[in-house]
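**Q** One structure is given below, represented as structure tokens, and several questions about it will come after.
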Amino acid sequence: MNRFSDREPMGEKGAAEEHRFTTQVLPAVNASAPAITEAAERIRHGELVAFPTETVYGLGADGLNEEAVAKIFAAKGRPQDNPLILHIATLDMLDTLVKEVTPAQYSALQRLWPGPITFIFEKSDRVPERVTAGGSTVAIRMPTSEVARSLIAQAKTPIAAPSANRSGRPSPTTALDVLEDMDGRIPLILNGGACDIGVESTVVDVTEEPAVVLRPGYYPPSMLEKFFPGVHLDPALVLLNGSSPVSTEKSTSPEEGVAPPKSPGMKYRHYAPSAEVTIYIGEEKAVESRMIHDFYALSEKGKKVGFMVFAEAAKELSLLLPPEKAVIRSLGIEGRIDTMGQRIFQLLRELDRHHCDAIFVHGIEPVGYGVAIMNRLMKAAGGKSIYVS
Ligand code: TXA
Ligand code: MG
């Protein structure tokens with residue numbers, strides 16, 4: 001039994017035969033919640049546990065146990081060539097997992113951890129190849145979430161954890177999102193409420209000089225500059241951000257003709273709901289009228305459209321459009337980018353639950369944290385964006 005009963009059944013093939021667990025959802029709102037002790041016990045026994053972090057929910061296993069780590073790939077349907085992040089609770093857990101940390105890197109880590117940022121190091125022999133997908137480097141993060149760190153500390157092992165979604169789906173930012181994807185596939189979900197940030201960590205490769213941001217996140221390169229002089233975005237990501245000049249009114253395939261991103265996870269179509277997503281870029285009024293125009297074209301064909309727009313537009317569209325055909329959700333007040341970040345994955349999932357055929361999203365300028373938000377949205381849209389002037 002679980003606490004959420006109004007969900008869709010899992011549609012995919014293969015789900016039925018893997019349906020082996022009764023998934024428990026237990027509350028864990030602070031570091032001393034008793035459920036964390038049970039979860040840590042399960043991790044020590046090689047089982048999977050989903051847990052909250054400040055970015056998104058993770059699907060955790062003992063990162064030093066190959067068999068346990070293999071279960072993560074099976075439960076997610078994750079490609080074997082996509083490596084995992086090891087999560088640690090204290091800096092002293094780092095030493096045995098990596099080959100070398102320079103004094104400059106060490107002092108940066110002391111400032112930036114715990115936090116929504118992951119670093120890539122040369123791995124030590126202790127890290128199983130399954131974690132790194134056979135590679136010589138390992139990704140490591142110390143999360144801010146006290147529940148997450150308490151779990152790691154009690155399990156007394158680094159916890160390997162990708163985002164707790166089925167592969168290709170939007171990352172989960174609530175326990176309900178995790179349950180939607182993982183019901184029956186894992187024994188336990190720790191429910192710590194909605195994630196504060198809502199977008200996955202910044203991934204920084206510090207084996208390169210200067211350091212390279214392989215996946216944009218809450219901490220943009222400009223904020224990392226003083227710790228890692230010359231740090232910059234992986235050039236392969238620039239087109240995925242939507243920051244390149246893309247011609248108006250054209251569906252673009254942003255990954256064409258570019259070297260594949262160095263972070264393996266960035267090359268997959270990702271974060272995608274079932275509905276077709278389109279990003280609209282431009283001034284609020286212009287975007288709103290273009291969305292209305294496109295909405296009527298689709299609703300004539302019997303399609304239902306979900307909207308992710310800023311508060312003002314949400315209010316206006318709710319008055320203008322028929323509620324049975326248009327599901328309108330607010331990304332918060334325009335310019336409050338943290339609120340937008342908290343909502344993007346959650347709303348993509350929610351509009352899927354409403355069986356929307358299409359989702360229209362108002363995009364933002366890809367600067368600062370906006371680079372990460374646009375990176376995720378452009379991937380959810382498969383690059384389909386419309387510039388409105
Ligand atoms: O915020 C987060 O990072 C969340 C929470 C749970 O901590 N985790 C997360 O994990 O987003 P995942 O597996 O969904 O994404 C990890 C990303 C992938 O793009 C993966 O390819 C990349 O990090 N990655 C992992 N190890 C790597 C390595 N050794 N070299 C390059 N990229 C790596
Ligand atoms: Mg992920």
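In the structure tokens, chains take letters A, B, ... by order of appearance, with residues numbered from 1 within each chain and ligands from 1 in the order shown.
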Set out as CSV a contact list for chain A and ligand 2 with a cut-off of 9 Å, giving each residue of chain A that qualifies its closest atom pair and distance in Å to one decimal, counting only C-alpha atoms and all ligand atoms, ordered by chain and rising residue number.

**A**
residue,atom,partner,partner_atom_place_in_ligand_line,distance
A:Val56,CA,ligand 2,1 (Mg),8.9
A:Gly58,CA,ligand 2,1 (Mg),8.6
A:Pro162,CA,ligand 2,1 (Mg),5.4
A:Ser163,CA,ligand 2,1 (Mg),4.3
A:Ala164,CA,ligand 2,1 (Mg),7.2
A:Asn165,CA,ligand 2,1 (Mg),7.0
A:Arg166,CA,ligand 2,1 (Mg),8.7
A:Ser167,CA,ligand 2,1 (Mg),7.3
A:Gly168,CA,ligand 2,1 (Mg),7.9
A:Arg169,CA,ligand 2,1 (Mg),8.4
A:Pro170,CA,ligand 2,1 (Mg),8.0
A:Ser171,CA,ligand 2,1 (Mg),6.1
A:Glu200,CA,ligand 2,1 (Mg),7.5
A:Gly265,CA,ligand 2,1 (Mg),7.2
A:His270,CA,ligand 2,1 (Mg),8.1
A:Tyr271,CA,ligand 2,1 (Mg),8.0

**Q** Quick one: contact table of chain A to ligand 1, 6 Å max, nearest atom pair and distance in Å to one decimal per residue, counting only C-alpha atoms and all ligand atoms, chain and number order, as a tab-separated table?

**A**
residue	atom	partner	partner_atom_place_in_ligand_line	distance
A:Thr55	CA	ligand 1	1 (O)	4.8
A:Val56	CA	ligand 1	5 (C)	5.4
A:Tyr57	CA	ligand 1	6 (C)	5.2
A:Gly58	CA	ligand 1	6 (C)	3.6
A:Asn82	CA	ligand 1	21 (O)	5.0
A:Pro83	CA	ligand 1	26 (N)	4.3
A:Leu84	CA	ligand 1	25 (C)	4.5
A:Ile85	CA	ligand 1	25 (C)	5.1
A:Ile120	CA	ligand 1	29 (N)	5.8
A:Thr132	CA	ligand 1	29 (N)	5.4
A:Thr137	CA	ligand 1	29 (N)	4.4
A:Val138	CA	ligand 1	29 (N)	4.0
A:Ala139	CA	ligand 1	26 (N)	4.4
A:Ala161	CA	ligand 1	6 (C)	5.5
A:Pro162	CA	ligand 1	13 (O)	3.3
A:Ser163	CA	ligand 1	14 (O)	4.1
A:Glu200	CA	ligand 1	1 (O)	3.4
A:Ser201	CA	ligand 1	1 (O)	3.7
A:Ser263	CA	ligand 1	32 (N)	3.7
A:Pro264	CA	ligand 1	21 (O)	3.9
A:Gly265	CA	ligand 1	19 (O)	3.3
A:Met266	CA	ligand 1	19 (O)	5.1

**Q** Can I get the selection written as a short mmCIF file (atom, residue, chain, number, x, y, z; two decimals), in the first residue's frame, with all heavy atoms?

**A**
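Below is the file selection.cif, written as the result:
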data_model
loop_
_atom_site.label_atom_id
_atom_site.label_comp_id
_atom_site.auth_asym_id
_atom_site.auth_seq_id
_atom_site.Cartn_x
_atom_site.Cartn_y
_atom_site.Cartn_z
N THR A 55 18.25 19.42 -4.51
CA THR A 55 18.06 19.60 -5.96
C THR A 55 16.85 18.81 -6.42
O THR A 55 15.80 19.38 -6.72
CB THR A 55 19.32 19.17 -6.72
OG1 THR A 55 19.64 17.81 -6.39
CG2 THR A 55 20.50 20.08 -6.41
N VAL A 56 17.00 17.48 -6.50
CA VAL A 56 15.90 16.60 -6.91
C VAL A 56 16.00 15.34 -6.04
O VAL A 56 16.99 15.16 -5.33
CB VAL A 56 16.00 16.22 -8.42
CG1 VAL A 56 15.95 17.47 -9.29
CG2 VAL A 56 17.27 15.40 -8.73
N TYR A 57 15.02 14.46 -6.10
CA TYR A 57 15.10 13.20 -5.36
C TYR A 57 16.11 12.27 -6.04
O TYR A 57 16.21 12.21 -7.26
CB TYR A 57 13.73 12.51 -5.30
CG TYR A 57 12.88 12.98 -4.14
CD1 TYR A 57 12.28 14.24 -4.17
CD2 TYR A 57 12.68 12.18 -3.01
CE1 TYR A 57 11.52 14.69 -3.09
CE2 TYR A 57 11.91 12.62 -1.94
CZ TYR A 57 11.34 13.87 -1.98
OH TYR A 57 10.59 14.31 -0.92
N GLY A 58 16.86 11.55 -5.21
CA GLY A 58 17.84 10.60 -5.72
C GLY A 58 17.37 9.16 -5.50
O GLY A 58 16.57 8.89 -4.61
N ASN A 82 26.02 5.46 -18.77
CA ASN A 82 25.83 6.76 -18.10
C ASN A 82 26.21 6.64 -16.62
O ASN A 82 25.51 6.02 -15.84
CB ASN A 82 24.37 7.19 -18.26
CG ASN A 82 24.17 8.67 -17.92
OD1 ASN A 82 25.13 9.37 -17.61
ND2 ASN A 82 22.93 9.11 -17.97
N PRO A 83 27.35 7.24 -16.23
CA PRO A 83 27.87 7.06 -14.87
C PRO A 83 27.03 7.76 -13.80
O PRO A 83 26.22 8.63 -14.11
CB PRO A 83 29.27 7.68 -14.95
CG PRO A 83 29.19 8.67 -16.07
CD PRO A 83 28.21 8.11 -17.05
N LEU A 84 27.26 7.36 -12.55
CA LEU A 84 26.46 7.86 -11.41
C LEU A 84 27.28 8.80 -10.54
O LEU A 84 28.51 8.75 -10.53
CB LEU A 84 26.01 6.68 -10.56
CG LEU A 84 25.21 5.59 -11.26
CD1 LEU A 84 24.95 4.42 -10.30
CD2 LEU A 84 23.90 6.13 -11.80
N ILE A 85 26.56 9.61 -9.76
CA ILE A 85 27.20 10.48 -8.77
C ILE A 85 27.27 9.75 -7.44
O ILE A 85 26.27 9.16 -6.99
CB ILE A 85 26.39 11.78 -8.60
CG1 ILE A 85 26.34 12.58 -9.92
CG2 ILE A 85 26.97 12.64 -7.48
CD1 ILE A 85 25.40 13.78 -9.90
N ILE A 120 33.92 16.30 -10.70
CA ILE A 120 34.50 15.10 -11.32
C ILE A 120 35.98 15.05 -10.99
O ILE A 120 36.72 16.01 -11.26
CB ILE A 120 34.35 15.16 -12.86
CG1 ILE A 120 32.93 15.49 -13.28
CG2 ILE A 120 34.87 13.87 -13.51
CD1 ILE A 120 31.95 14.41 -13.22
N THR A 132 31.14 4.31 -12.46
CA THR A 132 31.73 5.27 -13.39
C THR A 132 31.51 4.88 -14.85
O THR A 132 32.08 5.48 -15.75
CB THR A 132 33.24 5.41 -13.14
OG1 THR A 132 33.88 4.16 -13.44
CG2 THR A 132 33.52 5.78 -11.69
N THR A 137 37.11 8.44 -14.27
CA THR A 137 36.74 9.55 -13.38
C THR A 137 35.46 9.22 -12.62
O THR A 137 34.66 8.38 -13.04
CB THR A 137 36.49 10.85 -14.19
OG1 THR A 137 35.45 10.61 -15.15
CG2 THR A 137 37.76 11.30 -14.91
N VAL A 138 35.30 9.90 -11.48
CA VAL A 138 34.10 9.70 -10.67
C VAL A 138 33.49 11.05 -10.27
O VAL A 138 34.21 12.01 -9.99
CB VAL A 138 34.41 8.84 -9.42
CG1 VAL A 138 35.44 9.52 -8.50
CG2 VAL A 138 33.14 8.53 -8.62
N ALA A 139 32.16 11.10 -10.27
CA ALA A 139 31.43 12.32 -9.89
C ALA A 139 31.07 12.23 -8.41
O ALA A 139 30.59 11.19 -7.95
CB ALA A 139 30.16 12.44 -10.73
N ALA A 161 23.73 7.74 -6.48
CA ALA A 161 22.33 8.12 -6.72
C ALA A 161 22.17 9.00 -7.94
O ALA A 161 22.66 10.12 -7.97
CB ALA A 161 21.74 8.83 -5.51
N PRO A 162 21.46 8.48 -8.94
CA PRO A 162 20.99 9.36 -10.01
C PRO A 162 19.67 9.97 -9.57
O PRO A 162 19.16 9.63 -8.50
CB PRO A 162 20.76 8.37 -11.16
CG PRO A 162 20.32 7.11 -10.48
CD PRO A 162 21.03 7.09 -9.14
N SER A 163 19.11 10.86 -10.38
CA SER A 163 17.76 11.34 -10.11
C SER A 163 16.81 10.14 -10.15
O SER A 163 17.02 9.21 -10.93
CB SER A 163 17.36 12.39 -11.15
OG SER A 163 17.64 11.92 -12.46
N GLU A 200 18.69 19.72 -11.12
CA GLU A 200 19.85 18.93 -10.69
C GLU A 200 21.12 19.78 -10.56
O GLU A 200 21.25 20.84 -11.17
CB GLU A 200 20.15 17.78 -11.65
CG GLU A 200 18.98 16.91 -12.00
CD GLU A 200 18.21 17.45 -13.17
OE1 GLU A 200 18.35 18.64 -13.49
OE2 GLU A 200 17.46 16.66 -13.76
N SER A 201 22.08 19.23 -9.81
CA SER A 201 23.32 19.94 -9.48
C SER A 201 24.13 20.34 -10.71
O SER A 201 24.07 19.70 -11.76
CB SER A 201 24.19 19.05 -8.59
OG SER A 201 24.56 17.86 -9.27
N SER A 263 29.55 15.15 -20.52
CA SER A 263 28.77 14.45 -19.50
C SER A 263 27.80 13.54 -20.23
O SER A 263 26.92 14.00 -20.93
CB SER A 263 28.00 15.47 -18.66
OG SER A 263 27.12 14.76 -17.81
N PRO A 264 27.99 12.21 -20.12
CA PRO A 264 27.19 11.29 -20.93
C PRO A 264 25.69 11.55 -20.83
O PRO A 264 24.97 11.46 -21.82
CB PRO A 264 27.55 9.92 -20.37
CG PRO A 264 28.92 10.10 -19.78
CD PRO A 264 28.94 11.50 -19.25
N GLY A 265 25.23 11.90 -19.62
CA GLY A 265 23.80 12.10 -19.42
C GLY A 265 23.23 13.22 -20.26
O GLY A 265 22.04 13.28 -20.53
N MET A 266 24.08 14.15 -20.70
CA MET A 266 23.59 15.32 -21.44
C MET A 266 23.28 14.99 -22.89
O MET A 266 22.71 15.80 -23.60
CB MET A 266 24.62 16.45 -21.37
CG MET A 266 24.70 17.12 -20.01
SD MET A 266 23.51 18.46 -19.79
CE MET A 266 22.27 17.70 -18.79
#

**Q** Give me, as a Markdown table, the closest atom pair and its distance (Å, one decimal) for every residue of stretch 155-239 of chain A within a cut-off of 12 Å of stretch 345-353 of chain A, counting only C-alpha atoms, rows sorted by chain and rising number.

**A**
| residue | atom | partner | partner_atom | distance |
| --- | --- | --- | --- | --- |
| A:Ser163 | CA | A:Phe345 | CA | 11.9 |
| A:Asn165 | CA | A:Phe345 | CA | 10.9 |
| A:Arg169 | CA | A:Arg349 | CA | 8.6 |
| A:Pro170 | CA | A:Phe345 | CA | 5.6 |
| A:Ser171 | CA | A:Phe345 | CA | 6.2 |
| A:Pro172 | CA | A:Phe345 | CA | 7.0 |
| A:Thr173 | CA | A:Gln346 | CA | 6.4 |
| A:Thr174 | CA | A:Gln346 | CA | 7.9 |
| A:Ala175 | CA | A:Gln346 | CA | 11.1 |
| A:Leu176 | CA | A:Gln346 | CA | 10.0 |
| A:Asp177 | CA | A:Arg349 | CA | 7.7 |
| A:Val178 | CA | A:Arg349 | CA | 10.9 |
| A:Glu180 | CA | A:Arg349 | CA | 9.6 |
| A:Asp181 | CA | A:Arg349 | CA | 10.7 |
| A:Ala194 | CA | A:Gln346 | CA | 9.4 |
| A:Cys195 | CA | A:Gln346 | CA | 10.1 |
| A:Ile197 | CA | A:Phe345 | CA | 10.8 |
| A:Gly198 | CA | A:Phe345 | CA | 7.2 |
| A:Val199 | CA | A:Phe345 | CA | 7.8 |
| A:Glu200 | CA | A:Phe345 | CA | 10.4 |

**Q** Suppose we keep N, CA and C atoms; can you now write the selection as an mmCIF file, in the first residue's frame?

**A**
data_model
loop_
_atom_site.group_PDB
_atom_site.id
_atom_site.type_symbol
_atom_site.label_atom_id
_atom_site.label_comp_id
_atom_site.auth_asym_id
_atom_site.auth_seq_id
_atom_site.Cartn_x
_atom_site.Cartn_y
_atom_site.Cartn_z
ATOM 1 N N SER A 163 19.110 10.862 -10.379
ATOM 2 C CA SER A 163 17.760 11.341 -10.111
ATOM 3 C C SER A 163 16.813 10.140 -10.146
ATOM 4 N N ASN A 165 13.962 9.323 -11.294
ATOM 5 C CA ASN A 165 12.955 9.157 -12.348
ATOM 6 C C ASN A 165 13.265 7.930 -13.193
ATOM 7 N N ARG A 169 12.475 10.560 -18.261
ATOM 8 C CA ARG A 169 11.361 11.346 -17.695
ATOM 9 C C ARG A 169 11.889 12.571 -16.943
ATOM 10 N N PRO A 170 11.022 13.540 -16.668
ATOM 11 C CA PRO A 170 11.484 14.684 -15.857
ATOM 12 C C PRO A 170 11.966 14.212 -14.488
ATOM 13 N N SER A 171 12.974 14.860 -13.935
ATOM 14 C CA SER A 171 13.467 14.500 -12.605
ATOM 15 C C SER A 171 12.376 14.740 -11.567
ATOM 16 N N PRO A 172 12.330 13.890 -10.529
ATOM 17 C CA PRO A 172 11.285 14.033 -9.502
ATOM 18 C C PRO A 172 11.668 15.046 -8.431
ATOM 19 N N THR A 173 10.728 15.901 -8.070
ATOM 20 C CA THR A 173 10.993 16.897 -7.029
ATOM 21 C C THR A 173 10.065 16.732 -5.824
ATOM 22 N N THR A 174 9.229 15.690 -5.854
ATOM 23 C CA THR A 174 8.416 15.333 -4.675
ATOM 24 C C THR A 174 8.415 13.805 -4.565
ATOM 25 N N ALA A 175 7.999 13.310 -3.377
ATOM 26 C CA ALA A 175 7.905 11.862 -3.183
ATOM 27 C C ALA A 175 6.841 11.265 -4.110
ATOM 28 N N LEU A 176 5.791 12.043 -4.392
ATOM 29 C CA LEU A 176 4.749 11.562 -5.314
ATOM 30 C C LEU A 176 5.316 11.341 -6.714
ATOM 31 N N ASP A 177 6.169 12.267 -7.155
ATOM 32 C CA ASP A 177 6.815 12.099 -8.474
ATOM 33 C C ASP A 177 7.625 10.807 -8.514
ATOM 34 N N VAL A 178 8.345 10.537 -7.417
ATOM 35 C CA VAL A 178 9.165 9.320 -7.374
ATOM 36 C C VAL A 178 8.258 8.099 -7.444
ATOM 37 N N GLU A 180 5.364 7.804 -8.698
ATOM 38 C CA GLU A 180 4.791 7.677 -10.034
ATOM 39 C C GLU A 180 5.698 6.837 -10.938
ATOM 40 N N ASP A 181 6.999 7.028 -10.825
ATOM 41 C CA ASP A 181 7.944 6.303 -11.687
ATOM 42 C C ASP A 181 8.439 4.993 -11.075
ATOM 43 N N ALA A 194 8.774 18.826 -0.884
ATOM 44 C CA ALA A 194 9.249 19.309 -2.185
ATOM 45 C C ALA A 194 10.697 19.798 -2.082
ATOM 46 N N CYS A 195 11.481 19.560 -3.138
ATOM 47 C CA CYS A 195 12.893 19.978 -3.145
ATOM 48 C C CYS A 195 12.996 21.504 -3.240
ATOM 49 N N ILE A 197 15.414 23.460 -4.559
ATOM 50 C CA ILE A 197 15.906 24.026 -5.822
ATOM 51 C C ILE A 197 15.109 23.486 -7.009
ATOM 52 N N GLY A 198 15.018 22.180 -7.145
ATOM 53 C CA GLY A 198 14.169 21.611 -8.187
ATOM 54 C C GLY A 198 14.871 21.323 -9.505
ATOM 55 N N VAL A 199 16.138 21.689 -9.619
ATOM 56 C CA VAL A 199 16.931 21.420 -10.829
ATOM 57 C C VAL A 199 18.216 20.727 -10.362
ATOM 58 N N GLU A 200 18.695 19.721 -11.115
ATOM 59 C CA GLU A 200 19.849 18.933 -10.687
ATOM 60 C C GLU A 200 21.119 19.784 -10.560
#

**Q** If you run DSSP over the backbone, which residues in stretch 94-298 of chain A end up alpha helix (DSSP H)? Put them as a ChimeraX atom specification.

**A** /A:103-112,129-132,146-155,175-182,221-224,284-298

**Q** Which is closest to A:Ala286 among A:Leu91, A:Leu64, A:Val388, A:Leu233, if we use only C-alpha atoms?

**A**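 Selected residue with least distance to A:Ala286: A:Val388.
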
**Q** Suppose you want the space between atom CA of A:Thr144 and atom CA of A:Gly63; what is it in Å?

**A**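 Atom CA of A:Gly63 lies 18.8 Å from atom CA of A:Thr144.
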
**Q** Wanna dump the stretch 307-363 of chain A-stretch 202-219 of chain A contacts at 12 Å for me, each residue with its shortest atom pair and the distance in Å to one decimal, counting only C-alpha atoms, ordered by chain and number, as JSON lines?

**A**
{"residue": "A:Ile337", "atom": "CA", "partner": "A:Tyr218", "partner_atom": "CA", "distance": 10.3}
{"residue": "A:Asp338", "atom": "CA", "partner": "A:Tyr218", "partner_atom": "CA", "distance": 8.8}
{"residue": "A:Met340", "atom": "CA", "partner": "A:Tyr218", "partner_atom": "CA", "distance": 11.9}
{"residue": "A:Gly341", "atom": "CA", "partner": "A:Tyr218", "partner_atom": "CA", "distance": 8.8}
{"residue": "A:Gln342", "atom": "CA", "partner": "A:Tyr218", "partner_atom": "CA", "distance": 10.8}

**Q** Can you write just those residues out, C-alpha atoms, as a compact mmCIF listing (two decimals), in the first residue's frame?

**A**
# COMPACT_ATOMS: atom_id res chain seq x y z
CA ILE A 337 13.96 32.56 -11.49
CA ASP A 338 14.33 30.42 -8.33
CA MET A 340 10.58 28.97 -11.94
CA GLY A 341 13.35 26.42 -11.25
CA GLN A 342 11.35 24.86 -8.41

**Q** For the strand (DSSP E) assignment from backbone DSSP, which residues of stretch 8-187 of chain A qualify? Please present them as a PyMOL selection string.

**A** chain A and resi 24-27+49-51+58-62+85-87+117-122+137-141+159-160

**Q** How many Å lie between atom CA of A:Gly335 and atom CA of A:His355, rounded to one decimal?

**A** 28.7 Å

**Q** Write out as a list in words the residues lying within 10 Å of A:Ser318, counting only C-alpha atoms and excluding same-chain residues fewer than 4 positions away.

**A**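 These residues fall inside the cut-off: Phe307, Ala313, Ala314, Pro322, Pro323, Ala326, Val327, Ile328 and Arg329 of chain A.
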
**Q** Residues of the last selection are to be written out with C-alpha atoms, as a PDB file, in the first residue's frame.

**A**
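What ended up in part-v5.pdb:
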ATOM      1  CA  PHE A 307       0.572  26.129 -20.327  1.00  0.00           C
ATOM      2  CA  ALA A 313      -0.152  35.612 -18.258  1.00  0.00           C
ATOM      3  CA  ALA A 314      -1.536  32.681 -16.243  1.00  0.00           C
ATOM      4  CA  PRO A 322     -11.770  27.110 -22.114  1.00  0.00           C
ATOM      5  CA  PRO A 323     -10.629  25.171 -19.000  1.00  0.00           C
ATOM      6  CA  ALA A 326      -6.410  24.539 -21.640  1.00  0.00           C
ATOM      7  CA  VAL A 327      -4.636  23.612 -18.392  1.00  0.00           C
ATOM      8  CA  ILE A 328      -2.874  26.748 -17.176  1.00  0.00           C
ATOM      9  CA  ARG A 329      -0.112  26.727 -14.593  1.00  0.00           C
TER      10      ARG A 329
END

**Q** Which is closest to A:Ala70 among A:Lys384, A:Arg185, A:Arg130, A:His354, if we use only C-alpha atoms?

**A**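 Among the listed residues, A:Arg130 lies closest to A:Ala70.
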
**Q** Where does stretch 77-175 of chain A meet stretch 33-53 of chain A within 6 Å, residue by residue, with the nearest atom pair and distance in Å to one decimal for each, counting only C-alpha atoms, listed by chain and rising number, as a Markdown table?

**A**
| residue | atom | partner | partner_atom | distance |
| --- | --- | --- | --- | --- |
| A:Ser145 | CA | A:Thr53 | CA | 5.0 |
| A:Ala148 | CA | A:Thr53 | CA | 5.9 |
| A:Leu151 | CA | A:Ala40 | CA | 5.6 |
| A:Gln154 | CA | A:Ala40 | CA | 5.7 |
| A:Ala155 | CA | A:Ala40 | CA | 4.5 |

**Q** With distances taken over only C-alpha atoms, which residue among A:Pro221, A:Pro158, A:Gly115, A:Pro128 lies nearest A:Met142?

**A** A:Gly115

**Q** Which residue gives the smallest distance to A:Asn30 among A:Leu112, A:Met291, A:Val147, A:Leu237, with only C-alpha atoms counted?

**A**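 For A:Asn30, the nearest of the given residues is A:Val147.
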
**Q** Using only C-alpha atoms, find the one residue out of A:Glu324, A:Glu316, A:Glu288, A:Glu100 that sits nearest to A:Val361.

**A** A:Glu288

**Q** Report, in Å to a single decimal, how far apart atom CA of A:Gly282 and atom CA of A:Glu365 are.

**A**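 Calculated distance between atom CA of A:Glu365 and atom CA of A:Gly282 is 8.9 Å.
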